[in-house]
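A.B. asks: query36.cif is the file, holding mmCIF, C-alpha atoms:
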data_work
loop_
_atom_site.group_PDB
_atom_site.id
_atom_site.type_symbol
_atom_site.label_atom_id
_atom_site.label_comp_id
_atom_site.auth_asym_id
_atom_site.auth_seq_id
_atom_site.Cartn_x
_atom_site.Cartn_y
_atom_site.Cartn_z
ATOM 1 C CA MET A 28 0.000 0.000 0.000
ATOM 2 C CA ARG A 29 2.847 2.327 0.877
ATOM 3 C CA LYS A 30 4.566 1.503 -2.421
ATOM 4 C CA TYR A 31 1.335 2.205 -4.322
ATOM 5 C CA HIS A 32 0.970 5.571 -2.585
ATOM 6 C CA TYR A 33 4.563 6.452 -3.434
ATOM 7 C CA GLU A 34 4.084 5.506 -7.113
ATOM 8 C CA TRP A 35 0.826 7.464 -7.349
ATOM 9 C CA LYS A 36 2.515 10.521 -5.849
ATOM 10 C CA SER A 37 5.420 10.201 -8.279
ATOM 11 C CA TYR A 38 3.154 9.863 -11.311
ATOM 12 C CA SER A 39 1.004 12.795 -10.182
ATOM 13 C CA LEU A 40 4.096 14.989 -9.939
ATOM 14 C CA LEU A 41 5.084 13.971 -13.458
ATOM 15 C CA ILE A 42 1.715 14.628 -15.097
ATOM 16 C CA THR A 43 0.821 17.812 -13.181
ATOM 17 C CA PRO A 44 2.682 20.154 -15.584
ATOM 18 C CA ALA A 45 0.986 18.515 -18.568
ATOM 19 C CA VAL A 46 -2.443 18.806 -16.913
ATOM 20 C CA ILE A 47 -1.860 22.485 -16.132
ATOM 21 C CA PHE A 48 -0.691 23.053 -19.697
ATOM 22 C CA VAL A 49 -3.845 21.397 -21.115
ATOM 23 C CA ILE A 50 -6.109 23.395 -18.793
ATOM 24 C CA ILE A 51 -4.475 26.663 -19.835
ATOM 25 C CA LEU A 52 -4.578 25.915 -23.565
ATOM 26 C CA GLN A 53 -7.908 24.064 -23.778
ATOM 27 C CA PHE A 54 -10.333 24.495 -20.920
ATOM 28 C CA TYR A 55 -9.688 28.120 -20.083
ATOM 29 C CA PRO A 56 -10.314 29.380 -23.660
ATOM 30 C CA LEU A 57 -13.472 27.250 -23.829
ATOM 31 C CA ALA A 58 -14.746 28.580 -20.521
ATOM 32 C CA TYR A 59 -13.906 32.155 -21.460
ATOM 33 C CA SER A 60 -15.632 31.859 -24.864
ATOM 34 C CA PHE A 61 -18.726 30.480 -23.106
ATOM 35 C CA TYR A 62 -18.623 33.487 -20.769
ATOM 36 C CA LEU A 63 -18.257 35.859 -23.736
ATOM 37 C CA SER A 64 -21.223 34.273 -25.519
ATOM 38 C CA PHE A 65 -23.467 35.916 -22.894
ATOM 39 C CA GLN A 66 -21.680 39.264 -23.070
ATOM 40 C CA GLU A 67 -22.343 42.357 -25.148
ATOM 41 C CA TRP A 68 -18.896 43.053 -26.541
ATOM 42 C CA SER A 69 -17.777 44.594 -29.783
ATOM 43 C CA LEU A 70 -14.135 45.637 -29.819
ATOM 44 C CA THR A 71 -14.975 48.549 -32.126
ATOM 45 C CA SER A 72 -16.934 50.262 -29.343
ATOM 46 C CA SER A 73 -15.317 49.042 -26.125
ATOM 47 C CA GLN A 74 -12.107 47.471 -24.865
ATOM 48 C CA THR A 75 -13.955 45.367 -22.286
ATOM 49 C CA PRO A 76 -17.241 43.396 -22.181
ATOM 50 C CA GLN A 77 -20.251 45.595 -21.496
ATOM 51 C CA GLY A 78 -22.158 43.161 -19.292
ATOM 52 C CA PHE A 79 -24.452 40.160 -19.575
ATOM 53 C CA ASN A 80 -27.186 40.218 -22.180
ATOM 54 C CA TYR A 81 -28.373 36.672 -21.389
ATOM 55 C CA PHE A 82 -29.343 34.847 -24.613
ATOM 56 C CA LYS A 83 -29.445 37.870 -26.899
ATOM 57 C CA ASN A 84 -26.297 36.827 -28.804
ATOM 58 C CA TYR A 85 -27.712 33.361 -29.431
ATOM 59 C CA GLY A 86 -30.998 34.838 -30.613
ATOM 60 C CA ASP A 87 -29.218 37.250 -32.946
ATOM 61 C CA ILE A 88 -27.181 34.425 -34.479
ATOM 62 C CA LEU A 89 -30.137 32.066 -34.930
ATOM 63 C CA ASN A 90 -32.148 34.848 -36.607
ATOM 64 C CA ASP A 91 -29.302 35.964 -38.863
ATOM 65 C CA GLU A 92 -29.898 35.155 -42.545
ATOM 66 C CA VAL A 93 -26.157 34.990 -43.163
ATOM 67 C CA PHE A 94 -25.908 32.314 -40.450
ATOM 68 C CA HIS A 95 -28.648 30.319 -42.167
ATOM 69 C CA ARG A 96 -26.779 30.618 -45.457
ATOM 70 C CA ALA A 97 -23.533 29.540 -43.785
ATOM 71 C CA VAL A 98 -25.224 26.480 -42.261
ATOM 72 C CA SER A 99 -26.736 25.542 -45.618
ATOM 73 C CA ASN A 100 -23.416 25.952 -47.427
ATOM 74 C CA SER A 101 -21.545 23.975 -44.771
ATOM 75 C CA VAL A 102 -23.995 21.080 -44.938
ATOM 76 C CA ILE A 103 -23.917 20.992 -48.751
ATOM 77 C CA ILE A 104 -20.138 21.309 -49.091
ATOM 78 C CA THR A 105 -19.351 18.843 -46.323
ATOM 79 C CA SER A 106 -21.954 16.221 -47.260
ATOM 80 C CA VAL A 107 -21.141 16.168 -50.965
ATOM 81 C CA SER A 108 -17.367 16.354 -50.589
ATOM 82 C CA VAL A 109 -17.142 13.697 -47.858
ATOM 83 C CA PHE A 110 -19.463 11.363 -49.803
ATOM 84 C CA PHE A 111 -17.209 11.473 -52.859
ATOM 85 C CA GLN A 112 -14.068 11.313 -50.711
ATOM 86 C CA MET A 113 -15.271 8.037 -49.235
ATOM 87 C CA ILE A 114 -16.251 6.619 -52.635
ATOM 88 C CA PHE A 115 -13.069 7.696 -54.421
ATOM 89 C CA GLY A 116 -10.799 6.861 -51.482
ATOM 90 C CA VAL A 117 -12.066 3.303 -51.069
ATOM 91 C CA GLY A 118 -12.203 2.778 -54.838
ATOM 92 C CA LEU A 119 -8.634 3.973 -55.332
ATOM 93 C CA ALA A 120 -7.511 1.806 -52.414
ATOM 94 C CA TYR A 121 -8.816 -1.316 -54.169
ATOM 95 C CA LEU A 122 -7.325 -0.218 -57.486
ATOM 96 C CA THR A 123 -3.856 0.484 -56.098
ATOM 97 C CA ILE A 124 -3.465 -2.240 -53.469
ATOM 98 C CA GLY A 125 -0.384 -4.335 -54.112
ATOM 99 C CA SER A 126 3.360 -4.385 -53.555
ATOM 100 C CA SER A 127 4.697 -3.721 -57.055
ATOM 101 C CA TRP A 128 6.834 -0.614 -57.554
ATOM 102 C CA GLN A 129 4.341 0.748 -60.092
ATOM 103 C CA LEU A 130 1.505 0.656 -57.572
ATOM 104 C CA ARG A 131 3.714 2.153 -54.861
ATOM 105 C CA LEU A 132 4.605 4.982 -57.248
ATOM 106 C CA VAL A 133 0.933 5.585 -58.053
ATOM 107 C CA ARG A 134 0.040 5.691 -54.340
ATOM 108 C CA THR A 135 2.845 8.155 -53.700
ATOM 109 C CA ILE A 136 1.554 10.447 -56.441
ATOM 110 C CA LEU A 137 -2.023 10.169 -55.186
ATOM 111 C CA ILE A 138 -1.177 11.304 -51.654
ATOM 112 C CA ILE A 139 0.642 14.457 -52.772
ATOM 113 C CA PRO A 140 -2.486 16.703 -52.447
ATOM 114 C CA MET A 141 -2.807 15.723 -48.791
ATOM 115 C CA VAL A 142 0.599 17.164 -47.850
ATOM 116 C CA ILE A 143 0.013 20.538 -49.517
ATOM 117 C CA ALA A 144 -0.955 23.322 -47.103
ATOM 118 C CA PRO A 145 -4.668 24.233 -47.495
ATOM 119 C CA VAL A 146 -3.886 27.910 -48.141
ATOM 120 C CA ALA A 147 -1.348 26.965 -50.829
ATOM 121 C CA ALA A 148 -3.831 24.514 -52.359
ATOM 122 C CA GLY A 149 -6.573 27.156 -52.389
ATOM 123 C CA THR A 150 -4.270 29.688 -54.036
ATOM 124 C CA LEU A 151 -3.220 27.131 -56.647
ATOM 125 C CA TRP A 152 -6.824 26.237 -57.449
ATOM 126 C CA ARG A 153 -7.802 29.909 -57.640
ATOM 127 C CA MET A 154 -5.283 30.282 -60.474
ATOM 128 C CA LEU A 155 -6.412 27.053 -62.140
ATOM 129 C CA LEU A 156 -10.072 28.113 -61.973
ATOM 130 C CA ASN A 157 -9.525 31.639 -63.275
ATOM 131 C CA SER A 158 -12.258 32.117 -65.879
ATOM 132 C CA ARG A 159 -9.955 33.953 -68.302
ATOM 133 C CA SER A 160 -6.522 32.410 -67.941
ATOM 134 C CA GLY A 161 -7.060 29.304 -65.824
ATOM 135 C CA LEU A 162 -6.008 25.843 -66.971
ATOM 136 C CA PHE A 163 -9.454 24.306 -66.465
ATOM 137 C CA ASN A 164 -11.246 26.661 -68.830
ATOM 138 C CA TYR A 165 -8.344 26.472 -71.295
ATOM 139 C CA ILE A 166 -8.768 22.700 -71.539
ATOM 140 C CA LEU A 167 -12.539 23.042 -71.877
ATOM 141 C CA ASN A 168 -12.111 25.634 -74.633
ATOM 142 C CA GLU A 169 -9.808 23.241 -76.501
ATOM 143 C CA PHE A 170 -12.752 20.826 -76.677
ATOM 144 C CA GLY A 171 -15.128 23.565 -77.795
ATOM 145 C CA VAL A 172 -16.800 23.948 -74.393
ATOM 146 C CA ILE A 173 -17.227 27.412 -72.906
ATOM 147 C CA GLY A 174 -15.838 27.275 -69.396
ATOM 148 C CA PRO A 175 -18.034 28.461 -66.524
ATOM 149 C CA GLN A 176 -17.371 31.402 -64.231
ATOM 150 C CA TRP A 177 -15.975 29.169 -61.534
ATOM 151 C CA LEU A 178 -15.481 31.760 -58.822
ATOM 152 C CA SER A 179 -17.948 34.448 -59.939
ATOM 153 C CA SER A 180 -21.113 32.336 -59.856
ATOM 154 C CA GLN A 181 -22.445 31.246 -56.466
ATOM 155 C CA ASN A 182 -23.320 27.720 -57.638
ATOM 156 C CA TRP A 183 -20.005 27.197 -59.412
ATOM 157 C CA ALA A 184 -18.112 28.690 -56.469
ATOM 158 C CA ILE A 185 -19.615 26.064 -54.136
ATOM 159 C CA ILE A 186 -18.718 23.365 -56.670
ATOM 160 C CA SER A 187 -15.165 24.743 -56.762
ATOM 161 C CA VAL A 188 -14.850 24.491 -52.976
ATOM 162 C CA ILE A 189 -16.223 20.934 -53.094
ATOM 163 C CA LEU A 190 -13.769 19.918 -55.831
ATOM 164 C CA LEU A 191 -10.850 21.340 -53.876
ATOM 165 C CA ASP A 192 -11.917 19.523 -50.700
ATOM 166 C CA ILE A 193 -12.312 16.227 -52.573
ATOM 167 C CA TRP A 194 -8.943 16.610 -54.278
ATOM 168 C CA GLN A 195 -7.081 17.352 -51.064
ATOM 169 C CA ALA A 196 -8.783 14.976 -48.607
ATOM 170 C CA THR A 197 -9.370 11.826 -50.686
ATOM 171 C CA PRO A 198 -5.748 10.637 -50.115
ATOM 172 C CA PHE A 199 -6.449 10.401 -46.360
ATOM 173 C CA VAL A 200 -9.363 8.037 -46.991
ATOM 174 C CA LEU A 201 -7.191 6.144 -49.474
ATOM 175 C CA LEU A 202 -4.420 5.536 -46.931
ATOM 176 C CA VAL A 203 -6.762 4.416 -44.138
ATOM 177 C CA ALA A 204 -8.775 2.208 -46.510
ATOM 178 C CA LEU A 205 -5.538 0.603 -47.750
ATOM 179 C CA ALA A 206 -4.580 -0.243 -44.180
ATOM 180 C CA GLY A 207 -8.039 -1.678 -43.498
ATOM 181 C CA ILE A 208 -8.114 -3.771 -46.675
ATOM 182 C CA SER A 209 -4.618 -5.105 -45.995
ATOM 183 C CA SER A 210 -5.703 -6.227 -42.518
ATOM 184 C CA ILE A 211 -8.554 -8.424 -43.820
ATOM 185 C CA PRO A 212 -7.521 -12.073 -43.282
ATOM 186 C CA GLN A 213 -7.014 -13.806 -46.622
ATOM 187 C CA GLU A 214 -8.436 -17.004 -45.138
ATOM 188 C CA PHE A 215 -11.892 -15.423 -45.194
ATOM 189 C CA LYS A 216 -11.696 -14.699 -48.906
ATOM 190 C CA GLU A 217 -10.202 -18.081 -49.696
ATOM 191 C CA SER A 218 -13.019 -19.811 -47.822
ATOM 192 C CA ALA A 219 -15.591 -17.698 -49.651
ATOM 193 C CA SER A 220 -13.949 -18.532 -52.988
ATOM 194 C CA ILE A 221 -14.078 -22.248 -52.203
ATOM 195 C CA ASP A 222 -17.783 -21.874 -51.408
ATOM 196 C CA GLY A 223 -18.303 -20.367 -54.864
ATOM 197 C CA ALA A 224 -18.445 -16.656 -54.039
ATOM 198 C CA ASN A 225 -17.174 -14.270 -56.727
ATOM 199 C CA LYS A 226 -15.174 -11.102 -56.039
ATOM 200 C CA PHE A 227 -18.269 -8.898 -55.804
ATOM 201 C CA GLN A 228 -19.980 -11.250 -53.353
ATOM 202 C CA SER A 229 -16.772 -11.456 -51.330
ATOM 203 C CA PHE A 230 -16.642 -7.656 -51.250
ATOM 204 C CA ILE A 231 -20.251 -7.370 -50.044
ATOM 205 C CA LYS A 232 -20.205 -10.211 -47.524
ATOM 206 C CA ILE A 233 -16.661 -9.948 -46.152
ATOM 207 C CA ASP A 234 -14.978 -6.637 -46.914
ATOM 208 C CA ILE A 235 -17.880 -4.299 -46.192
ATOM 209 C CA PRO A 236 -18.779 -5.723 -42.731
ATOM 210 C CA ILE A 237 -15.114 -5.745 -41.661
ATOM 211 C CA LEU A 238 -14.369 -2.246 -42.993
ATOM 212 C CA THR A 239 -17.602 -0.568 -41.827
ATOM 213 C CA PRO A 240 -16.427 0.339 -38.260
ATOM 214 C CA LEU A 241 -13.174 1.736 -39.656
ATOM 215 C CA LEU A 242 -14.915 3.681 -42.411
ATOM 216 C CA LEU A 243 -17.383 5.174 -39.909
ATOM 217 C CA ILE A 244 -14.483 6.594 -37.909
ATOM 218 C CA VAL A 245 -12.870 7.883 -41.117
ATOM 219 C CA PHE A 246 -16.207 9.419 -42.088
ATOM 220 C CA LEU A 247 -16.407 11.138 -38.671
ATOM 221 C CA PHE A 248 -12.883 12.528 -38.987
ATOM 222 C CA ARG A 249 -13.448 13.749 -42.514
ATOM 223 C CA PHE A 250 -16.886 15.225 -41.774
ATOM 224 C CA MET A 251 -15.624 17.215 -38.798
ATOM 225 C CA ASP A 252 -12.444 18.267 -40.584
ATOM 226 C CA SER A 253 -14.462 19.415 -43.595
ATOM 227 C CA LEU A 254 -16.840 21.370 -41.364
ATOM 228 C CA LEU A 255 -13.889 23.048 -39.633
ATOM 229 C CA ASN A 256 -12.026 23.792 -42.846
ATOM 230 C CA MET A 257 -11.737 27.525 -43.401
ATOM 231 C CA ASP A 258 -8.324 27.819 -45.072
ATOM 232 C CA SER A 259 -9.544 26.598 -48.452
ATOM 233 C CA VAL A 260 -12.577 28.903 -48.489
ATOM 234 C CA TYR A 261 -10.456 31.827 -47.335
ATOM 235 C CA SER A 262 -7.805 31.360 -50.030
ATOM 236 C CA LEU A 263 -10.107 30.219 -52.843
ATOM 237 C CA THR A 264 -13.244 32.384 -52.665
ATOM 238 C CA PHE A 265 -13.018 34.441 -49.431
ATOM 239 C CA GLY A 266 -16.648 33.543 -48.828
ATOM 240 C CA GLY A 267 -17.810 35.031 -52.107
ATOM 241 C CA PRO A 268 -19.354 35.860 -54.378
ATOM 242 C CA GLY A 269 -21.464 37.701 -51.845
ATOM 243 C CA TYR A 270 -22.238 35.161 -49.144
ATOM 244 C CA GLY A 271 -22.212 32.351 -51.707
ATOM 245 C CA THR A 272 -19.522 30.231 -50.052
ATOM 246 C CA TYR A 273 -19.797 31.388 -46.457
ATOM 247 C CA THR A 274 -19.324 28.380 -44.201
ATOM 248 C CA LEU A 275 -19.826 28.198 -40.452
ATOM 249 C CA THR A 276 -16.132 28.570 -39.708
ATOM 250 C CA PHE A 277 -15.758 31.465 -42.126
ATOM 251 C CA TYR A 278 -18.881 33.076 -40.644
ATOM 252 C CA ILE A 279 -17.406 32.807 -37.128
ATOM 253 C CA TYR A 280 -14.083 34.146 -38.388
ATOM 254 C CA THR A 281 -15.863 37.119 -39.983
ATOM 255 C CA LEU A 282 -17.775 37.928 -36.800
ATOM 256 C CA GLY A 283 -14.776 37.654 -34.518
ATOM 257 C CA LEU A 284 -11.702 38.684 -36.491
ATOM 258 C CA ARG A 285 -13.132 41.027 -39.125
ATOM 259 C CA ASN A 286 -16.105 42.623 -37.354
ATOM 260 C CA PHE A 287 -14.540 42.214 -33.862
ATOM 261 C CA ASN A 288 -17.906 41.191 -32.412
ATOM 262 C CA PHE A 289 -16.610 38.712 -29.857
ATOM 263 C CA GLY A 290 -19.941 38.123 -28.141
ATOM 264 C CA ASP A 291 -21.740 36.990 -31.294
ATOM 265 C CA ALA A 292 -18.685 35.044 -32.511
ATOM 266 C CA SER A 293 -18.529 33.123 -29.224
ATOM 267 C CA ALA A 294 -22.249 32.357 -29.346
ATOM 268 C CA ALA A 295 -21.940 31.113 -32.943
ATOM 269 C CA SER A 296 -18.997 28.930 -31.906
ATOM 270 C CA TRP A 297 -20.980 27.300 -29.128
ATOM 271 C CA ILE A 298 -23.967 26.687 -31.389
ATOM 272 C CA PHE A 299 -21.575 25.048 -33.832
ATOM 273 C CA MET A 300 -20.053 22.960 -31.027
ATOM 274 C CA PHE A 301 -23.473 21.854 -29.756
ATOM 275 C CA PHE A 302 -24.558 20.428 -33.107
ATOM 276 C CA SER A 303 -21.108 18.910 -33.666
ATOM 277 C CA ILE A 304 -21.369 17.022 -30.370
ATOM 278 C CA ILE A 305 -24.784 15.672 -31.380
ATOM 279 C CA PHE A 306 -23.388 14.490 -34.725
ATOM 280 C CA ILE A 307 -20.353 12.866 -33.084
ATOM 281 C CA ALA A 308 -22.609 11.057 -30.605
ATOM 282 C CA ILE A 309 -24.726 9.666 -33.463
ATOM 283 C CA ILE A 310 -21.622 8.386 -35.282
ATOM 284 C CA PHE A 311 -20.311 6.697 -32.128
ATOM 285 C CA VAL A 312 -23.671 5.002 -31.556
ATOM 286 C CA LEU A 313 -23.616 3.685 -35.130
ATOM 287 C CA HIS A 314 -19.987 2.597 -34.685
ATOM 288 C CA LYS A 315 -20.885 0.737 -31.498
ATOM 289 C CA ARG A 316 -23.698 -1.091 -33.255
ATOM 290 C CA THR A 317 -21.423 -2.189 -36.102
ATOM 291 C CA GLU A 318 -19.031 -3.733 -33.582
ATOM 292 C CA VAL A 319 -21.720 -5.819 -31.882
#
Translate the structure of the given file into structure tokens.

C.D. replies:
Amino acid sequence: MRKYHYEWKSYSLLITPAVIFVIILQFYPLAYSFYLSFQEWSLTSSQTPQGFNYFKNYGDILNDEVFHRAVSNSVIITSVSVFFQMIFGVGLAYLTIGSSWQLRLVRTILIIPMVIAPVAAGTLWRMLLNSRSGLFNYILNEFGVIGPQWLSSQNWAIISVILLDIWQATPFVLLVALAGISSIPQEFKESASIDGANKFQSFIKIDIPILTPLLLIVFLFRFMDSLLNMDSVYSLTFGGPGYGTYTLTFYIYTLGLRNFNFGDASAASWIFMFFSIIFIAIIFVLHKRTEV
């Protein structure tokens, strides 16, 4: 018992600095932002919060048409991009699985977009999608097709953001799917083949059930990362044209760091966090059921 007490005291001394560090960097900012979400504070009119206004900030955000547009854009961009990321990532994983040097080279090329900084990727795509001198419209014109106004039309601007997100994030799904496929015991497939199952039946009956828990976690990571992504929108469209590509993160950034309205920005952040927690809980429930 004395030895246990000594070890516990030693470990507590070791982890105390790390715990303090986490509290300072994580919990204090969260607590302070929650406090600010009930404060009337715009840095353009005052250097300090002006007092509690209860739920006024939350009401203002929920009644803001720009917030509604940002929610709609975020749901569309995230849902469409993550759907195609999962499809393309898993498909490419099956196409490139193997140990030959050609397949290793192809996989290396495919993961290059993932290691490019989002701001650099957005800047690159802004040049590629330029309606007058961009490579995309140049190629389309070579085939006799008039290229669209990628970044000047609200619909095409959303499509541009989706394409950029798919291009940059699909390699992550590819790598995780490759690891999952490689971990499937070959004995299962050999047994299925002996029983007369073809490759498609083996994929449906063996691969999908085994990969589903893994893919749900990948889907969660990609969905949350796509929702939080602001760098690409900032560097590609800057939320435009108009509010055409405003996302939740860009909306919060605009409130807090462009309009300096910290009260409303904090309230919007907590609304975003609340719905994110609900979504994460749903995914974990589904993941738990797939494991049973």

A.B. asks: Using all atoms listed in the file, which residue out of A:Lys232, A:Ala97, A:Thr135, A:Gly149 lies closest to Thr276 in chain A?

C.D. replies: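 For Thr276 in chain A, the nearest of the candidates is A:Ala97.
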
A.B. asks: Write out as a list of chain:residue names which residues come within 9 Å of range 122-131 of chain A when counting only C-alpha atoms, dropping same-chain ones fewer than 6 positions away.

C.D. replies: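 Near range 122-131 of chain A, the qualifying residues are A:Leu205, A:Ile208, A:Ser209.
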
A.B. asks: For those residues, write C-alpha atoms to a file as a CSV table (one decimal), keeping the file's coordinate frame.

C.D. replies:
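In the end it all went to part_13.csv:
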chain,number,residue,atom,x,y,z
A,205,LEU,CA,-5.5,0.6,-47.8
A,208,ILE,CA,-8.1,-3.8,-46.7
A,209,SER,CA,-4.6,-5.1,-46.0

A.B. asks: Which protein, DNA or RNA residues have an atom at most 8 Å from (-23.7, 40.2, -24.0), counting only C-alpha atoms? List them as number ranges by chain.

C.D. replies: A: 63-68, 76-84, 290

A.B. asks: Report, in Å to a single decimal, how far apart CA of Thr274 in chain A and CA of Val245 in chain A are.

C.D. replies: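 Atom-to-atom, CA of Val245 in chain A to CA of Thr274 in chain A, that is 21.7 Å.
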
A.B. asks: To one decimal place, how far is CA of Phe54 in chain A from CA of Leu243 in chain A in Å?

C.D. replies: 28.0 Å

A.B. asks: Could you tell me which residues the PyMOL selection byres ((chain A and resi 300) around 12) returns for this structure, as a list in words?

C.D. replies: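 Answer for the PyMOL selection byres ((chain A and resi 300) around 12): Leu57, Ser60, Phe61, Met251, Leu254, Leu255, Leu275, Thr276, Ile279, Ser293, Ala294, Ala295, Ser296, Trp297, Ile298, Phe299, Phe301, Phe302, Ser303, Ile304, Ile305, Phe306 and Ile307 of chain A.
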
A.B. asks: Between A:Ile136, A:Ala147, A:Leu241, A:Leu191, which one has atoms that come closest to Val109 in chain A, using only C-alpha atoms?

C.D. replies: A:Leu191

A.B. asks: Quote the spacing between CA of Phe287 in chain A and CA of Val93 in chain A in Å to one decimal place.

C.D. replies: 16.5 Å

A.B. asks: Step by step, work through what the PyMOL selection byres ((chain A and resi 183) around 12) selects in the shown file, and finish by giving those residues as a PDB file with C-alpha atoms, keeping the file's coordinate frame.

C.D. replies:
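Generated output (out.pdb):
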ATOM      1  CA  ILE A 104     -20.138  21.309 -49.091  1.00  0.00           C
ATOM      2  CA  LEU A 156     -10.072  28.113 -61.973  1.00  0.00           C
ATOM      3  CA  SER A 158     -12.258  32.117 -65.879  1.00  0.00           C
ATOM      4  CA  GLY A 174     -15.838  27.275 -69.396  1.00  0.00           C
ATOM      5  CA  PRO A 175     -18.034  28.461 -66.524  1.00  0.00           C
ATOM      6  CA  GLN A 176     -17.371  31.402 -64.231  1.00  0.00           C
ATOM      7  CA  TRP A 177     -15.975  29.169 -61.534  1.00  0.00           C
ATOM      8  CA  LEU A 178     -15.481  31.760 -58.822  1.00  0.00           C
ATOM      9  CA  SER A 179     -17.948  34.448 -59.939  1.00  0.00           C
ATOM     10  CA  SER A 180     -21.113  32.336 -59.856  1.00  0.00           C
ATOM     11  CA  GLN A 181     -22.445  31.246 -56.466  1.00  0.00           C
ATOM     12  CA  ASN A 182     -23.320  27.720 -57.638  1.00  0.00           C
ATOM     13  CA  ALA A 184     -18.112  28.690 -56.469  1.00  0.00           C
ATOM     14  CA  ILE A 185     -19.615  26.064 -54.136  1.00  0.00           C
ATOM     15  CA  ILE A 186     -18.718  23.365 -56.670  1.00  0.00           C
ATOM     16  CA  SER A 187     -15.165  24.743 -56.762  1.00  0.00           C
ATOM     17  CA  VAL A 188     -14.850  24.491 -52.976  1.00  0.00           C
ATOM     18  CA  ILE A 189     -16.223  20.934 -53.094  1.00  0.00           C
ATOM     19  CA  LEU A 190     -13.769  19.918 -55.831  1.00  0.00           C
ATOM     20  CA  THR A 264     -13.244  32.384 -52.665  1.00  0.00           C
ATOM     21  CA  GLY A 267     -17.810  35.031 -52.107  1.00  0.00           C
ATOM     22  CA  PRO A 268     -19.354  35.860 -54.378  1.00  0.00           C
ATOM     23  CA  GLY A 271     -22.212  32.351 -51.707  1.00  0.00           C
ATOM     24  CA  THR A 272     -19.522  30.231 -50.052  1.00  0.00           C
TER      25      THR A 272
END

A.B. asks: Kindly provide, as AutoDock Vina command-line options, the centre and edge lengths (Å, one decimal) of an axis-aligned box around all atoms of range 159-167 of chain A given in the file, with 6 Å on each side.

C.D. replies:
--center_x -9.3 --center_y 28.3 --center_z -68.9 --size_x 18.5 --size_y 23.3 --size_z 18.1

A.B. asks: From the list A:Asn288, A:Val98, A:Leu202, A:Arg316, which residue is nearest Ser73 in chain A when using all atoms listed in the file?

C.D. replies: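 Among the listed residues, the smallest separation from Ser73 in chain A belongs to A:Asn288.
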
A.B. asks: Write out all heavy atoms for range 220-224 of chain A, as a PDB file, keeping the file's coordinate frame.

C.D. replies:
ATOM      1  N   SER A 220     -14.208 -18.101 -51.610  1.00  0.00           N
ATOM      2  CA  SER A 220     -13.949 -18.532 -52.988  1.00  0.00           C
ATOM      3  C   SER A 220     -14.211 -20.017 -53.156  1.00  0.00           C
ATOM      4  O   SER A 220     -14.768 -20.461 -54.169  1.00  0.00           O
ATOM      5  CB  SER A 220     -12.509 -18.195 -53.371  1.00  0.00           C
ATOM      6  OG  SER A 220     -12.225 -18.637 -54.675  1.00  0.00           O
ATOM      7  N   ILE A 221     -13.826 -20.800 -52.156  1.00  0.00           N
ATOM      8  CA  ILE A 221     -14.078 -22.248 -52.203  1.00  0.00           C
ATOM      9  C   ILE A 221     -15.567 -22.544 -52.203  1.00  0.00           C
ATOM     10  O   ILE A 221     -16.040 -23.471 -52.873  1.00  0.00           O
ATOM     11  CB  ILE A 221     -13.379 -22.943 -51.013  1.00  0.00           C
ATOM     12  CG1 ILE A 221     -11.860 -22.849 -51.168  1.00  0.00           C
ATOM     13  CG2 ILE A 221     -13.818 -24.395 -50.897  1.00  0.00           C
ATOM     14  CD1 ILE A 221     -11.092 -23.344 -49.976  1.00  0.00           C
ATOM     15  N   ASP A 222     -16.321 -21.704 -51.459  1.00  0.00           N
ATOM     16  CA  ASP A 222     -17.783 -21.874 -51.408  1.00  0.00           C
ATOM     17  C   ASP A 222     -18.486 -21.357 -52.650  1.00  0.00           C
ATOM     18  O   ASP A 222     -19.723 -21.408 -52.735  1.00  0.00           O
ATOM     19  CB  ASP A 222     -18.349 -21.166 -50.178  1.00  0.00           C
ATOM     20  CG  ASP A 222     -17.925 -21.849 -48.887  1.00  0.00           C
ATOM     21  OD1 ASP A 222     -17.591 -23.043 -48.949  1.00  0.00           O
ATOM     22  OD2 ASP A 222     -17.914 -21.182 -47.838  1.00  0.00           O
ATOM     23  N   GLY A 223     -17.724 -20.804 -53.591  1.00  0.00           N
ATOM     24  CA  GLY A 223     -18.303 -20.367 -54.864  1.00  0.00           C
ATOM     25  C   GLY A 223     -18.611 -18.890 -54.964  1.00  0.00           C
ATOM     26  O   GLY A 223     -19.229 -18.453 -55.935  1.00  0.00           O
ATOM     27  N   ALA A 224     -18.179 -18.093 -53.995  1.00  0.00           N
ATOM     28  CA  ALA A 224     -18.445 -16.656 -54.039  1.00  0.00           C
ATOM     29  C   ALA A 224     -17.491 -15.970 -55.020  1.00  0.00           C
ATOM     30  O   ALA A 224     -16.294 -16.273 -55.044  1.00  0.00           O
ATOM     31  CB  ALA A 224     -18.278 -16.049 -52.647  1.00  0.00           C
TER      32      ALA A 224
END
